[in-house]
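The structure appears below as structure tokens.
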Amino acid sequence: MGVVKTGIAIKEDTYVKLTSLMKSIGIQNKSKVISDAIESYIAEKSVLMEEGYLGGIVTLLYDHHVKDIEHNLTHLQHNYRDIIISNMHVHLDERNCLEAILIKGDVRRIKRFIGELGNIKGLTAIRHAFFRIDEE
């Protein structure tokens, strides 16, 4: 298997955090760390490429000071109430909110939901973990 050399652009604070973490745990090869992170991302997202039914969680981190973000999140979740089992909202600090959304349903519907979440301005991070379940 060959290697492809590429360049990436990341936020400066992300780069500082990465290099600091690498230094503190004694890792010197940035390319290996970034390659491993990409492999992890692919593994995490690949479950959404298949057909079938999934159960799991979507976790959101967002700045609640962003105009209309809470309205937009609520509106979107109402459109997907057929797959959303429950959600929990937590205030982490003055700006940051964490929302955990429990989901069960067809992978195609879940993919659409996650895709639409990605279009909401003000989200800092979207993470998910899913497990394959038997058809309903």
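How things are named: the first chain in the structure tokens is A, the next is B, and so on; residues count from 1 in each chain; ligands count from 1 in the order shown.
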
Worksheet item: Using only C-alpha atoms, which residues sit within 12 Å of A:Leu73 once same-chain residues fewer than 2 positions away are excluded, as a PyMOL selection string?
Response: chain A and resi 60-62+64+66-71+75-80+87+89+99-101+113-114+116-123

Discussion item. Let's see if you can do this: from backbone DSSP, list all alpha helix (DSSP H) residues in stretch 43-115 of chain A, as a ChimeraX atom specification.
Written reply: /A:43-46,69-79,107-115

With N, CA and C atoms kept, could you save the residues just selected as an mmCIF file, in the first residue's frame?
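So the final result, stored in out-v3.cif, reads:
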```cif
data_model
loop_
_atom_site.group_PDB
_atom_site.id
_atom_site.type_symbol
_atom_site.label_atom_id
_atom_site.label_comp_id
_atom_site.auth_asym_id
_atom_site.auth_seq_id
_atom_site.Cartn_x
_atom_site.Cartn_y
_atom_site.Cartn_z
ATOM 1 N N ALA A 43 -13.831 4.917 10.103
ATOM 2 C CA ALA A 43 -14.478 3.799 10.799
ATOM 3 C C ALA A 43 -15.770 4.250 11.469
ATOM 4 N N GLU A 44 -15.738 5.430 12.092
ATOM 5 C CA GLU A 44 -16.908 5.964 12.787
ATOM 6 C C GLU A 44 -18.044 6.248 11.807
ATOM 7 N N LYS A 45 -17.717 6.821 10.660
ATOM 8 C CA LYS A 45 -18.745 7.223 9.703
ATOM 9 C C LYS A 45 -19.197 6.090 8.795
ATOM 10 N N SER A 46 -18.384 5.052 8.619
ATOM 11 C CA SER A 46 -18.705 4.005 7.644
ATOM 12 C C SER A 46 -19.976 3.248 7.975
ATOM 13 N N ILE A 69 -29.937 29.265 16.935
ATOM 14 C CA ILE A 69 -29.462 27.877 16.927
ATOM 15 C C ILE A 69 -30.421 26.938 17.661
ATOM 16 N N GLU A 70 -30.907 27.353 18.821
ATOM 17 C CA GLU A 70 -31.807 26.475 19.565
ATOM 18 C C GLU A 70 -33.114 26.269 18.808
ATOM 19 N N HIS A 71 -33.635 27.322 18.203
ATOM 20 C CA HIS A 71 -34.844 27.207 17.375
ATOM 21 C C HIS A 71 -34.599 26.250 16.207
ATOM 22 N N ASN A 72 -33.463 26.400 15.522
ATOM 23 C CA ASN A 72 -33.158 25.551 14.372
ATOM 24 C C ASN A 72 -32.990 24.087 14.769
ATOM 25 N N LEU A 73 -32.349 23.847 15.902
ATOM 26 C CA LEU A 73 -32.179 22.467 16.377
ATOM 27 C C LEU A 73 -33.524 21.838 16.734
ATOM 28 N N THR A 74 -34.353 22.596 17.439
ATOM 29 C CA THR A 74 -35.672 22.081 17.821
ATOM 30 C C THR A 74 -36.522 21.814 16.594
ATOM 31 N N HIS A 75 -36.530 22.727 15.659
ATOM 32 C CA HIS A 75 -37.311 22.559 14.428
ATOM 33 C C HIS A 75 -36.863 21.305 13.669
ATOM 34 N N LEU A 76 -35.555 21.127 13.536
ATOM 35 C CA LEU A 76 -35.043 19.952 12.830
ATOM 36 C C LEU A 76 -35.438 18.664 13.552
ATOM 37 N N GLN A 77 -35.326 18.655 14.876
ATOM 38 C CA GLN A 77 -35.673 17.447 15.624
ATOM 39 C C GLN A 77 -37.155 17.115 15.497
ATOM 40 N N HIS A 78 -38.000 18.123 15.386
ATOM 41 C CA HIS A 78 -39.423 17.856 15.167
ATOM 42 C C HIS A 78 -39.647 17.166 13.828
ATOM 43 N N ASN A 79 -38.840 17.506 12.837
ATOM 44 C CA ASN A 79 -38.959 16.874 11.524
ATOM 45 C C ASN A 79 -38.497 15.422 11.519
ATOM 46 N N VAL A 107 -31.115 3.544 8.585
ATOM 47 C CA VAL A 107 -29.849 4.251 8.412
ATOM 48 C C VAL A 107 -29.972 5.404 7.413
ATOM 49 N N ARG A 108 -30.796 5.243 6.386
ATOM 50 C CA ARG A 108 -30.948 6.327 5.397
ATOM 51 C C ARG A 108 -31.572 7.563 6.029
ATOM 52 N N ARG A 109 -32.531 7.353 6.896
ATOM 53 C CA ARG A 109 -33.191 8.475 7.589
ATOM 54 C C ARG A 109 -32.208 9.134 8.566
ATOM 55 N N ILE A 110 -31.427 8.321 9.257
ATOM 56 C CA ILE A 110 -30.424 8.829 10.193
ATOM 57 C C ILE A 110 -29.371 9.642 9.449
ATOM 58 N N LYS A 111 -28.940 9.160 8.290
ATOM 59 C CA LYS A 111 -27.960 9.891 7.485
ATOM 60 C C LYS A 111 -28.493 11.266 7.088
ATOM 61 N N ARG A 112 -29.766 11.323 6.696
ATOM 62 C CA ARG A 112 -30.351 12.615 6.325
ATOM 63 C C ARG A 112 -30.362 13.567 7.518
ATOM 64 N N PHE A 113 -30.736 13.038 8.691
ATOM 65 C CA PHE A 113 -30.774 13.860 9.904
ATOM 66 C C PHE A 113 -29.391 14.429 10.217
ATOM 67 N N ILE A 114 -28.376 13.582 10.201
ATOM 68 C CA ILE A 114 -27.018 14.040 10.511
ATOM 69 C C ILE A 114 -26.538 15.043 9.460
ATOM 70 N N GLY A 115 -26.885 14.803 8.207
ATOM 71 C CA GLY A 115 -26.519 15.739 7.157
ATOM 72 C C GLY A 115 -27.142 17.104 7.370
#
```

Worksheet item: Mind checking DSSP for stretch 14-66 of chain A and telling me the strand (DSSP E) residues as an MDAnalysis selection string?
Response: chainID A and resid 53:63

Save the residues we just selected, N, CA and C atoms, as a PDB file, in the first residue's frame?
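Result file follows (again.pdb):
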```
ATOM      1  N   TYR A  53     -30.994  -0.991  10.064  1.00  0.00           N
ATOM      2  CA  TYR A  53     -31.484  -0.223  11.199  1.00  0.00           C
ATOM      3  C   TYR A  53     -30.377  -0.049  12.226  1.00  0.00           C
ATOM      4  N   LEU A  54     -30.360   1.136  12.805  1.00  0.00           N
ATOM      5  CA  LEU A  54     -29.354   1.469  13.799  1.00  0.00           C
ATOM      6  C   LEU A  54     -30.019   2.026  15.046  1.00  0.00           C
ATOM      7  N   GLY A  55     -29.347   1.865  16.149  1.00  0.00           N
ATOM      8  CA  GLY A  55     -29.703   2.534  17.386  1.00  0.00           C
ATOM      9  C   GLY A  55     -28.444   3.208  17.885  1.00  0.00           C
ATOM     10  N   GLY A  56     -28.588   4.368  18.503  1.00  0.00           N
ATOM     11  CA  GLY A  56     -27.390   5.024  18.990  1.00  0.00           C
ATOM     12  C   GLY A  56     -27.631   6.432  19.475  1.00  0.00           C
ATOM     13  N   ILE A  57     -26.564   7.206  19.453  1.00  0.00           N
ATOM     14  CA  ILE A  57     -26.605   8.551  20.004  1.00  0.00           C
ATOM     15  C   ILE A  57     -25.883   9.532  19.085  1.00  0.00           C
ATOM     16  N   VAL A  58     -26.450  10.712  18.975  1.00  0.00           N
ATOM     17  CA  VAL A  58     -25.801  11.838  18.300  1.00  0.00           C
ATOM     18  C   VAL A  58     -25.562  12.883  19.380  1.00  0.00           C
ATOM     19  N   THR A  59     -24.329  13.335  19.503  1.00  0.00           N
ATOM     20  CA  THR A  59     -23.965  14.315  20.521  1.00  0.00           C
ATOM     21  C   THR A  59     -23.555  15.609  19.847  1.00  0.00           C
ATOM     22  N   LEU A  60     -24.118  16.701  20.317  1.00  0.00           N
ATOM     23  CA  LEU A  60     -23.853  18.018  19.743  1.00  0.00           C
ATOM     24  C   LEU A  60     -23.236  18.926  20.790  1.00  0.00           C
ATOM     25  N   LEU A  61     -22.271  19.710  20.381  1.00  0.00           N
ATOM     26  CA  LEU A  61     -21.727  20.777  21.210  1.00  0.00           C
ATOM     27  C   LEU A  61     -21.966  22.060  20.437  1.00  0.00           C
ATOM     28  N   TYR A  62     -22.555  23.062  21.117  1.00  0.00           N
ATOM     29  CA  TYR A  62     -22.822  24.303  20.406  1.00  0.00           C
ATOM     30  C   TYR A  62     -22.814  25.502  21.330  1.00  0.00           C
ATOM     31  N   ASP A  63     -22.640  26.652  20.691  1.00  0.00           N
ATOM     32  CA  ASP A  63     -22.639  27.947  21.368  1.00  0.00           C
ATOM     33  C   ASP A  63     -24.074  28.466  21.350  1.00  0.00           C
TER      34      ASP A  63
END
```
